[in-house]
file input-v2.cif (mmCIF, C-alpha atoms)
data_target
#
loop_
_atom_site.label_atom_id
_atom_site.label_comp_id
_atom_site.auth_asym_id
_atom_site.auth_seq_id
_atom_site.Cartn_x
_atom_site.Cartn_y
_atom_site.Cartn_z
CA MET M 1 -75.16 -64.22 -60.61
CA GLY M 2 -76.47 -60.70 -61.13
CA VAL M 3 -79.97 -61.64 -59.91
CA SER M 4 -79.24 -64.15 -57.15
CA ARG M 5 -78.85 -62.93 -53.59
CA ILE M 6 -75.47 -63.79 -52.07
CA TYR M 7 -75.12 -65.11 -48.54
CA ARG M 8 -71.96 -66.03 -46.70
CA ARG M 9 -71.31 -68.85 -44.26
CA PRO M 10 -71.00 -68.04 -40.55
CA VAL M 11 -67.28 -68.85 -40.95
CA GLU M 12 -65.42 -68.82 -44.24
CA LYS M 13 -62.00 -70.04 -45.30
CA ALA M 14 -60.86 -67.07 -47.36
CA VAL M 15 -58.09 -66.12 -49.74
CA ILE M 16 -57.14 -62.50 -50.32
CA PHE M 17 -55.57 -61.81 -53.73
CA THR M 18 -53.42 -58.73 -53.15
CA ALA M 19 -50.40 -56.74 -54.28
CA ASN M 20 -50.45 -54.18 -51.46
CA LYS M 21 -49.64 -54.57 -47.79
CA ASN M 22 -52.71 -52.55 -46.78
CA PHE M 23 -54.71 -55.75 -47.25
CA ILE M 24 -53.99 -56.25 -43.55
CA ASN M 25 -57.06 -54.29 -42.42
CA ILE M 26 -59.44 -56.67 -44.18
CA TYR M 27 -57.39 -59.66 -43.10
CA GLN M 28 -57.61 -58.55 -39.47
CA TYR M 29 -61.33 -57.85 -39.76
CA LEU M 30 -62.02 -61.35 -41.11
CA ASN M 31 -59.61 -63.06 -38.74
CA ASP M 32 -61.11 -61.34 -35.69
CA ARG M 33 -64.50 -62.81 -36.66
CA GLY M 34 -63.23 -66.36 -36.72
CA ASN M 35 -62.53 -66.72 -40.42
CA SER M 36 -59.38 -68.47 -41.65
CA CYS M 37 -57.46 -66.36 -44.18
CA SER M 38 -54.52 -66.85 -46.51
CA VAL M 39 -52.91 -64.38 -48.89
CA VAL M 40 -52.32 -64.83 -52.63
CA ILE M 41 -49.62 -62.76 -54.36
CA PRO M 42 -49.11 -62.43 -58.15
CA GLU M 43 -46.29 -64.35 -59.79
CA SER M 44 -45.87 -61.43 -62.21
CA ARG M 45 -44.79 -59.10 -59.38
CA LEU M 46 -42.47 -61.41 -57.45
CA GLY M 47 -39.28 -59.62 -56.43
CA THR M 48 -40.82 -56.14 -56.40
CA ASN M 49 -40.66 -54.05 -53.25
CA LYS M 50 -44.44 -54.14 -52.77
CA ILE M 51 -44.55 -57.92 -52.85
CA LYS M 52 -41.52 -58.20 -50.58
CA GLU M 53 -43.34 -55.98 -48.07
CA ILE M 54 -46.35 -58.31 -48.17
CA GLN M 55 -44.17 -61.37 -47.70
CA SER M 56 -42.35 -59.81 -44.73
CA LEU M 57 -45.63 -58.77 -43.13
CA CYS M 58 -47.10 -62.24 -43.58
CA ILE M 59 -44.03 -63.89 -42.05
CA SER M 60 -44.28 -61.60 -39.01
CA ARG M 61 -48.01 -62.38 -38.61
CA ASN M 62 -47.70 -66.10 -39.47
CA ILE M 63 -50.03 -65.71 -42.47
CA GLU M 64 -49.89 -68.35 -45.19
CA VAL M 65 -48.85 -66.96 -48.58
CA LEU M 66 -49.66 -68.62 -51.90
CA VAL M 67 -48.20 -67.60 -55.27
CA HIS M 68 -50.69 -67.17 -58.12
CA PRO M 69 -49.09 -68.49 -61.36
CA LYS M 70 -50.04 -66.80 -64.61
CA LYS M 71 -50.74 -69.92 -66.68
CA GLY M 72 -49.88 -73.51 -67.52
CA SER M 73 -49.53 -76.52 -65.28
CA SER M 74 -48.51 -74.34 -62.33
CA LEU M 75 -51.86 -72.56 -62.49
CA LYS M 76 -53.69 -75.91 -62.51
CA GLU M 77 -51.71 -76.99 -59.47
CA PHE M 78 -52.64 -73.69 -57.78
CA HIS M 79 -56.34 -74.35 -58.47
CA SER M 80 -56.03 -77.89 -57.11
CA ARG M 81 -54.45 -76.59 -53.93
CA LEU M 82 -57.27 -74.09 -53.36
CA ILE M 83 -59.83 -76.86 -53.83
CA GLU M 84 -58.00 -79.39 -51.66
CA GLN M 85 -57.55 -76.90 -48.82
CA GLY M 86 -61.25 -76.05 -48.88
CA TYR M 87 -61.25 -72.31 -49.56
CA THR M 88 -64.82 -71.04 -49.71
CA PHE M 89 -64.47 -67.28 -50.23
CA ALA M 90 -62.14 -64.99 -52.19
CA LEU M 91 -61.61 -61.29 -52.62
CA ALA M 92 -59.17 -59.15 -54.60
CA TRP M 93 -57.64 -56.06 -53.02
CA SER M 94 -55.28 -53.86 -55.06
CA TYR M 95 -54.51 -56.87 -57.22
CA SER M 96 -52.52 -56.57 -60.43
CA GLN M 97 -52.67 -59.91 -62.25
CA ILE M 98 -55.49 -61.08 -64.51
CA LEU M 99 -57.58 -63.94 -63.09
CA ALA M 100 -58.37 -66.76 -65.53
CA LYS M 101 -61.92 -67.99 -66.04
CA ASP M 102 -61.04 -71.26 -64.27
CA THR M 103 -59.87 -69.29 -61.24
CA LEU M 104 -63.02 -67.17 -61.13
CA GLU M 105 -65.22 -70.26 -61.28
CA LEU M 106 -63.64 -71.83 -58.19
CA PHE M 107 -65.80 -69.68 -55.90
CA PRO M 108 -69.62 -69.97 -56.09
CA LYS M 109 -70.07 -66.55 -54.46
CA GLY M 110 -67.71 -65.04 -57.02
CA ILE M 111 -64.45 -63.23 -56.32
CA TRP M 112 -65.19 -59.81 -54.85
CA ASN M 113 -62.94 -57.04 -56.15
CA MET M 114 -62.40 -53.54 -54.79
CA HIS M 115 -61.86 -51.09 -57.65
CA GLY M 116 -60.67 -47.57 -56.83
CA GLY M 117 -62.90 -45.90 -59.39
CA LYS M 118 -66.52 -45.57 -60.43
CA ILE M 119 -67.76 -48.32 -62.73
CA PRO M 120 -68.37 -47.95 -65.65
CA GLU M 121 -67.01 -44.39 -66.00
CA TYR M 122 -63.54 -45.10 -64.61
CA ARG M 123 -62.44 -48.61 -65.53
CA GLY M 124 -58.91 -49.56 -66.47
CA ASN M 125 -55.52 -48.38 -65.28
CA ASN M 126 -54.33 -45.43 -63.20
CA VAL M 127 -57.94 -44.27 -62.82
CA LEU M 128 -57.05 -42.33 -59.65
CA GLN M 129 -54.57 -40.22 -61.62
CA TRP M 130 -56.97 -39.80 -64.54
CA ALA M 131 -59.74 -38.61 -62.20
CA ILE M 132 -57.50 -35.92 -60.69
CA VAL M 133 -56.14 -34.85 -64.08
CA ASN M 134 -59.72 -34.61 -65.35
CA GLY M 135 -60.63 -32.26 -62.52
CA GLU M 136 -63.12 -34.60 -60.84
CA GLU M 137 -64.44 -33.51 -57.44
CA LYS M 138 -65.10 -37.10 -56.32
CA ALA M 139 -63.44 -40.46 -56.80
CA GLY M 140 -65.49 -43.62 -56.98
CA VAL M 141 -64.97 -46.77 -54.91
CA THR M 142 -66.65 -49.91 -56.22
CA TRP M 143 -66.93 -53.48 -54.99
CA HIS M 144 -67.98 -55.84 -57.77
CA ILE M 145 -67.93 -59.51 -58.73
CA MET M 146 -65.08 -60.19 -61.10
CA ASP M 147 -65.58 -61.67 -64.54
CA GLU M 148 -63.18 -62.21 -67.44
CA ARG M 149 -63.13 -58.52 -68.40
CA ILE M 150 -61.19 -55.92 -66.44
CA ASP M 151 -63.21 -53.88 -63.90
CA HIS M 152 -66.35 -55.55 -65.18
CA GLY M 153 -69.12 -57.58 -63.58
CA PRO M 154 -72.12 -57.18 -61.27
CA ILE M 155 -71.85 -54.39 -58.69
CA LEU M 156 -71.97 -55.22 -54.98
CA LYS M 157 -71.65 -51.77 -53.42
CA GLU M 158 -70.52 -48.29 -54.43
CA GLY M 159 -69.27 -45.18 -52.67
CA THR M 160 -67.34 -41.99 -53.31
CA VAL M 161 -64.66 -39.94 -51.59
CA PRO M 162 -64.09 -36.19 -52.07
CA ILE M 163 -61.12 -34.92 -54.09
CA GLU M 164 -60.28 -31.61 -52.44
CA PRO M 165 -58.57 -28.92 -54.53
CA ALA M 166 -55.22 -29.46 -52.80
CA ASP M 167 -55.38 -33.26 -52.50
CA THR M 168 -52.55 -35.25 -54.05
CA ALA M 169 -52.98 -38.75 -55.49
CA VAL M 170 -51.46 -40.19 -52.31
CA GLU M 171 -54.06 -38.47 -50.15
CA VAL M 172 -56.94 -39.53 -52.38
CA ARG M 173 -55.60 -43.09 -52.46
CA GLU M 174 -55.71 -43.18 -48.66
CA LYS M 175 -59.34 -42.04 -48.74
CA ILE M 176 -60.18 -44.72 -51.30
CA THR M 177 -58.45 -47.39 -49.21
CA GLN M 178 -60.43 -46.40 -46.11
CA LYS M 179 -63.74 -46.20 -48.00
CA GLY M 180 -63.06 -49.56 -49.64
CA PHE M 181 -62.54 -51.13 -46.22
CA GLU M 182 -65.70 -49.51 -44.82
CA LEU M 183 -67.77 -50.75 -47.75
CA PHE M 184 -66.38 -54.27 -47.35
CA CYS M 185 -67.37 -54.36 -43.67
CA ARG M 186 -70.92 -53.38 -44.63
CA LEU M 187 -70.99 -56.02 -47.37
CA TRP M 188 -69.77 -58.67 -44.97
CA GLU M 189 -72.46 -57.88 -42.43
CA GLU M 190 -75.18 -57.82 -45.09
CA ALA M 191 -74.02 -61.13 -46.59
CA GLY M 192 -74.43 -62.68 -43.15
CA SER M 193 -77.97 -61.39 -42.62
CA THR M 194 -80.20 -60.11 -45.44
CA GLY M 195 -77.84 -61.18 -48.23
CA ILE M 196 -76.41 -59.04 -51.03
CA LEU M 197 -78.23 -58.54 -54.33
CA PRO M 198 -75.70 -57.64 -57.05
CA TYR M 199 -76.87 -55.36 -59.84
CA GLU M 200 -75.77 -54.66 -63.39
CA VAL M 201 -74.75 -51.31 -64.88
CA ASP M 202 -74.55 -50.38 -68.54
CA MET M 203 -70.86 -50.83 -69.33
CA GLU M 204 -71.35 -49.29 -72.76
CA LYS M 205 -71.87 -45.89 -71.11
CA GLY M 206 -68.50 -45.98 -69.40
CA TYR M 207 -64.87 -45.65 -70.42
CA TYR M 208 -61.76 -47.78 -70.15
CA TRP M 209 -58.70 -45.67 -69.32
CA LYS M 210 -55.29 -46.69 -70.59
CA SER M 211 -52.19 -46.93 -68.43
CA ARG M 212 -50.56 -43.54 -68.07
CA ASN M 213 -47.08 -43.34 -69.55
CA PRO M 214 -44.37 -40.77 -68.71
CA PHE M 215 -45.37 -38.57 -71.64
CA ASP M 216 -48.92 -38.20 -70.35
CA GLY M 217 -47.18 -35.99 -67.79
CA ILE M 218 -46.13 -33.26 -70.20
CA ILE M 219 -47.38 -29.79 -69.24
CA HIS M 220 -48.57 -28.62 -72.64
CA SER M 221 -48.43 -25.06 -73.85
CA ASP M 222 -52.23 -24.74 -74.04
CA MET M 223 -52.89 -25.82 -70.44
CA ALA M 224 -54.61 -23.46 -68.00
CA GLU M 225 -53.32 -23.06 -64.45
CA ASP M 226 -55.91 -25.38 -62.90
CA GLN M 227 -55.02 -28.10 -65.40
CA ILE M 228 -51.33 -27.80 -64.54
CA ARG M 229 -52.08 -27.97 -60.82
CA ASN M 230 -54.24 -31.06 -61.37
CA LEU M 231 -51.45 -32.79 -63.29
CA ILE M 232 -48.90 -32.03 -60.57
CA ARG M 233 -51.27 -33.35 -57.88
CA ALA M 234 -51.95 -36.50 -59.89
CA GLN M 235 -48.27 -37.25 -60.49
CA CYS M 236 -46.89 -36.60 -57.04
CA PRO M 237 -44.23 -38.94 -55.55
CA PRO M 238 -43.93 -41.92 -55.74
CA TRP M 239 -45.18 -41.50 -59.32
CA PRO M 240 -42.89 -39.93 -61.96
CA ALA M 241 -42.98 -36.13 -61.90
CA PRO M 242 -44.50 -34.21 -64.84
CA PHE M 243 -42.38 -32.40 -67.44
CA ALA M 244 -42.38 -28.78 -68.54
CA VAL M 245 -40.43 -27.12 -71.35
CA HIS M 246 -38.87 -23.81 -70.26
CA GLU M 247 -36.55 -21.70 -72.42
CA GLY M 248 -35.89 -24.66 -74.68
CA LYS M 249 -34.95 -27.01 -71.85
CA VAL M 250 -36.92 -29.84 -70.22
CA PHE M 251 -37.58 -29.78 -66.48
CA ARG M 252 -39.11 -32.24 -64.04
CA ILE M 253 -41.83 -30.43 -62.08
CA HIS M 254 -42.10 -31.23 -58.36
CA GLY M 255 -44.83 -28.78 -57.39
CA THR M 256 -45.82 -25.14 -57.45
CA ALA M 257 -43.88 -22.30 -55.79
CA SER M 258 -44.87 -18.91 -54.45
CA GLN M 259 -42.00 -16.95 -56.02
CA GLN M 260 -38.82 -17.17 -58.05
CA GLY M 261 -35.82 -18.77 -56.35
CA ASP M 262 -33.39 -21.67 -56.49
CA GLY M 263 -34.95 -24.69 -58.12
CA VAL M 264 -37.89 -22.64 -59.42
CA ILE M 265 -38.80 -21.70 -62.99
CA GLU M 266 -41.30 -19.11 -64.10
CA TYR M 267 -43.35 -21.14 -66.51
CA ARG M 268 -45.38 -19.21 -69.07
CA ASN M 269 -47.70 -20.19 -71.87
CA LYS M 270 -50.54 -18.48 -73.72
CA LYS M 271 -53.01 -19.24 -70.91
CA CYS M 272 -51.10 -18.74 -67.64
CA SER M 273 -47.91 -17.79 -65.84
CA MET M 274 -46.82 -19.55 -62.64
CA PHE M 275 -43.80 -20.51 -60.57
CA LEU M 276 -42.94 -24.20 -60.58
CA ALA M 277 -40.45 -26.12 -58.44
CA ALA M 278 -38.27 -27.84 -61.01
CA SER M 279 -35.11 -29.77 -61.75
CA LEU M 280 -33.39 -30.10 -65.11
CA GLU M 281 -34.10 -33.40 -66.89
CA LYS M 282 -30.71 -35.10 -67.28
CA ASP M 283 -31.84 -38.03 -69.43
CA MET M 284 -31.26 -36.49 -72.86
CA GLN M 285 -33.23 -39.16 -74.72
CA THR M 286 -36.26 -38.46 -72.55
CA ALA M 287 -35.75 -34.71 -72.89
CA ARG M 288 -35.60 -34.96 -76.69
CA GLU M 289 -38.81 -37.00 -76.73
CA VAL M 290 -40.60 -34.44 -74.51
CA LEU M 291 -39.46 -31.62 -76.81
CA ARG M 292 -40.62 -33.56 -79.85
CA ARG M 293 -44.07 -34.23 -78.39
CA GLU M 294 -44.56 -30.70 -77.04
CA HIS M 295 -43.05 -28.59 -79.78
CA GLY M 296 -42.36 -30.93 -82.68
CA GLN M 297 -38.62 -30.30 -82.31
#
call {"tool": "encode", "arguments": {"input": "input-v2.cif", "output": "structure tokens"}}
result
Amino acid sequence: MGVSRIYRRPVEKAVIFTANKNFINIYQYLNDRGNSCSVVIPESRLGTNKIKEIQSLCISRNIEVLVHPKKGSSLKEFHSRLIEQGYTFALAWSYSQILAKDTLELFPKGIWNMHGGKIPEYRGNNVLQWAIVNGEEKAGVTWHIMDERIDHGPILKEGTVPIEPADTAVEVREKITQKGFELFCRLWEEAGSTGILPYEVDMEKGYYWKSRNPFDGIIHSDMAEDQIRNLIRAQCPPWPAPFAVHEGKVFRIHGTASQQGDGVIEYRNKKCSMFLAASLEKDMQTAREVLRREHGQ
């Protein structure tokens, strides 16, 4: 697959595997060009607000929605339905459930996935947050052909978006979403004319980032000011706010502040001093764990 040029049909019957309602831009792009599209949502996320938003949007637009089972006879029935209904093309957009080998092999052109990170350097989970925490000046956007490994497989097209010094994760995510859509449009046009030639990258030179947990958000006593600012930007709402230990108490940090006042602490460590908008952490079990990890208390 990595050496064969990929062409698309003039009209495809497509499925979009997604867990985010912003799939609608690609859906509309394909639909406006005469392609028939259905949406696939992950069984593992049924009942969550994000999936409910997708379902409501699809009902309002009269878009067919299929549920992707995780395993067993239900997954086989799902595969049979895709085959019987004649789907010829598939893509994954902000998808959150692993695709089995049998699912991947249903589509001769492969399942195209948009990953909001550079491959191979930023594979895995929460790579947007990790990039900001790491002080990166750019975030990668990568379309690739999915295989059985996460964020792995031949590359279709790459791009980057700038991470400005004041950008939050929400703002960078919007840039990534827009760039991902732009790259897809270019891929679609190329697949209909000259074809797309996927290429391999050396995955051994990259890194697989783990899911961030709440305690990755601790502002440690050896952090410099720029590192603290990066962490706050990375863990902006709707993600859980970072923690800071101040005068023996644990606070949730909601941003920086210009001066002392209500809801502000003057955080100091051996590398910096700064004002932080904060609220006292009321979950005592969480507070004790933060204290233990930060100070060994």
call {"tool": "closest_residue", "arguments": {"input": "input-v2.cif", "among": "M:Ala234, M:Leu46, M:Val141, M:Leu276", "to": "Arg252 of chain M", "atoms": "only C-alpha atoms"}}
result
M:Leu276
call {"tool": "resolve_selection", "arguments": {"input": "input-v2.cif", "expression": "the PyMOL selection byres ((chain M and resi 179) around 8)", "output": "JSON, numbers by chain"}}
result
{"M": [141, 159, 160, 161, 175, 176, 177, 178, 180, 181, 182, 183]}
call {"tool": "atom_distance", "arguments": {"input": "input-v2.cif", "atom1": "atom CA of Glu171 of chain M", "atom2": "atom CA of Leu128 of chain M"}}
result
10.7 Å
call {"tool": "closest_residue", "arguments": {"input": "input-v2.cif", "among": "M:Val170, M:Ala224, M:Ile41, M:Leu197", "to": "Pro237 of chain M", "atoms": "only C-alpha atoms"}}
result
M:Val170
call {"tool": "residues_around", "arguments": {"input": "input-v2.cif", "residues": "Glu12 of chain M", "least_positions_apart": "4", "cutoff": "12 Å", "atoms": "all atoms listed in the file", "output": "compact mmCIF listing (two decimals) with C-alpha atoms, in the frame of the given file"}}
result
# COMPACT_ATOMS: atom_id res chain seq x y z
CA TYR M 7 -75.12 -65.11 -48.54
CA ARG M 8 -71.96 -66.03 -46.70
CA LEU M 30 -62.02 -61.35 -41.11
CA ASN M 31 -59.61 -63.06 -38.74
CA ARG M 33 -64.50 -62.81 -36.66
CA GLY M 34 -63.23 -66.36 -36.72
CA ASN M 35 -62.53 -66.72 -40.42
CA SER M 36 -59.38 -68.47 -41.65
CA CYS M 37 -57.46 -66.36 -44.18
CA SER M 38 -54.52 -66.85 -46.51
CA GLY M 86 -61.25 -76.05 -48.88
CA TYR M 87 -61.25 -72.31 -49.56
CA THR M 88 -64.82 -71.04 -49.71
CA PHE M 89 -64.47 -67.28 -50.23
CA ALA M 90 -62.14 -64.99 -52.19
CA LEU M 91 -61.61 -61.29 -52.62
CA PHE M 107 -65.80 -69.68 -55.90
CA LYS M 109 -70.07 -66.55 -54.46
CA TRP M 188 -69.77 -58.67 -44.97
CA ALA M 191 -74.02 -61.13 -46.59
CA GLY M 192 -74.43 -62.68 -43.15
call {"tool": "resolve_selection", "arguments": {"input": "input-v2.cif", "expression": "the PyMOL selection byres ((chain M and resi 162) around 10)", "output": "MDAnalysis selection string"}}
result
chainID M and resid 136:140 160:161 163:165 167 172 175:176
call {"tool": "atom_distance", "arguments": {"input": "input-v2.cif", "atom1": "atom CA of Arg149 of chain M", "atom2": "atom CA of Gln235 of chain M"}}
result
27.1 Å
call {"tool": "closest_residue", "arguments": {"input": "input-v2.cif", "among": "M:Leu66, M:Ile24, M:Ile145, M:Ile253", "to": "Trp239 of chain M", "atoms": "only C-alpha atoms"}}
result
M:Ile253
call {"tool": "closest_residue", "arguments": {"input": "input-v2.cif", "among": "M:Asp147, M:Asp216, M:Glu190, M:Glu266", "to": "Pro242 of chain M", "atoms": "only C-alpha atoms"}}
result
M:Asp216
call {"tool": "residues_around", "arguments": {"input": "input-v2.cif", "residues": "Ser258 of chain M", "least_positions_apart": "6", "cutoff": "12 Å", "atoms": "all atoms listed in the file", "output": "PyMOL selection string"}}
result
chain M and resi 264-266+273-277
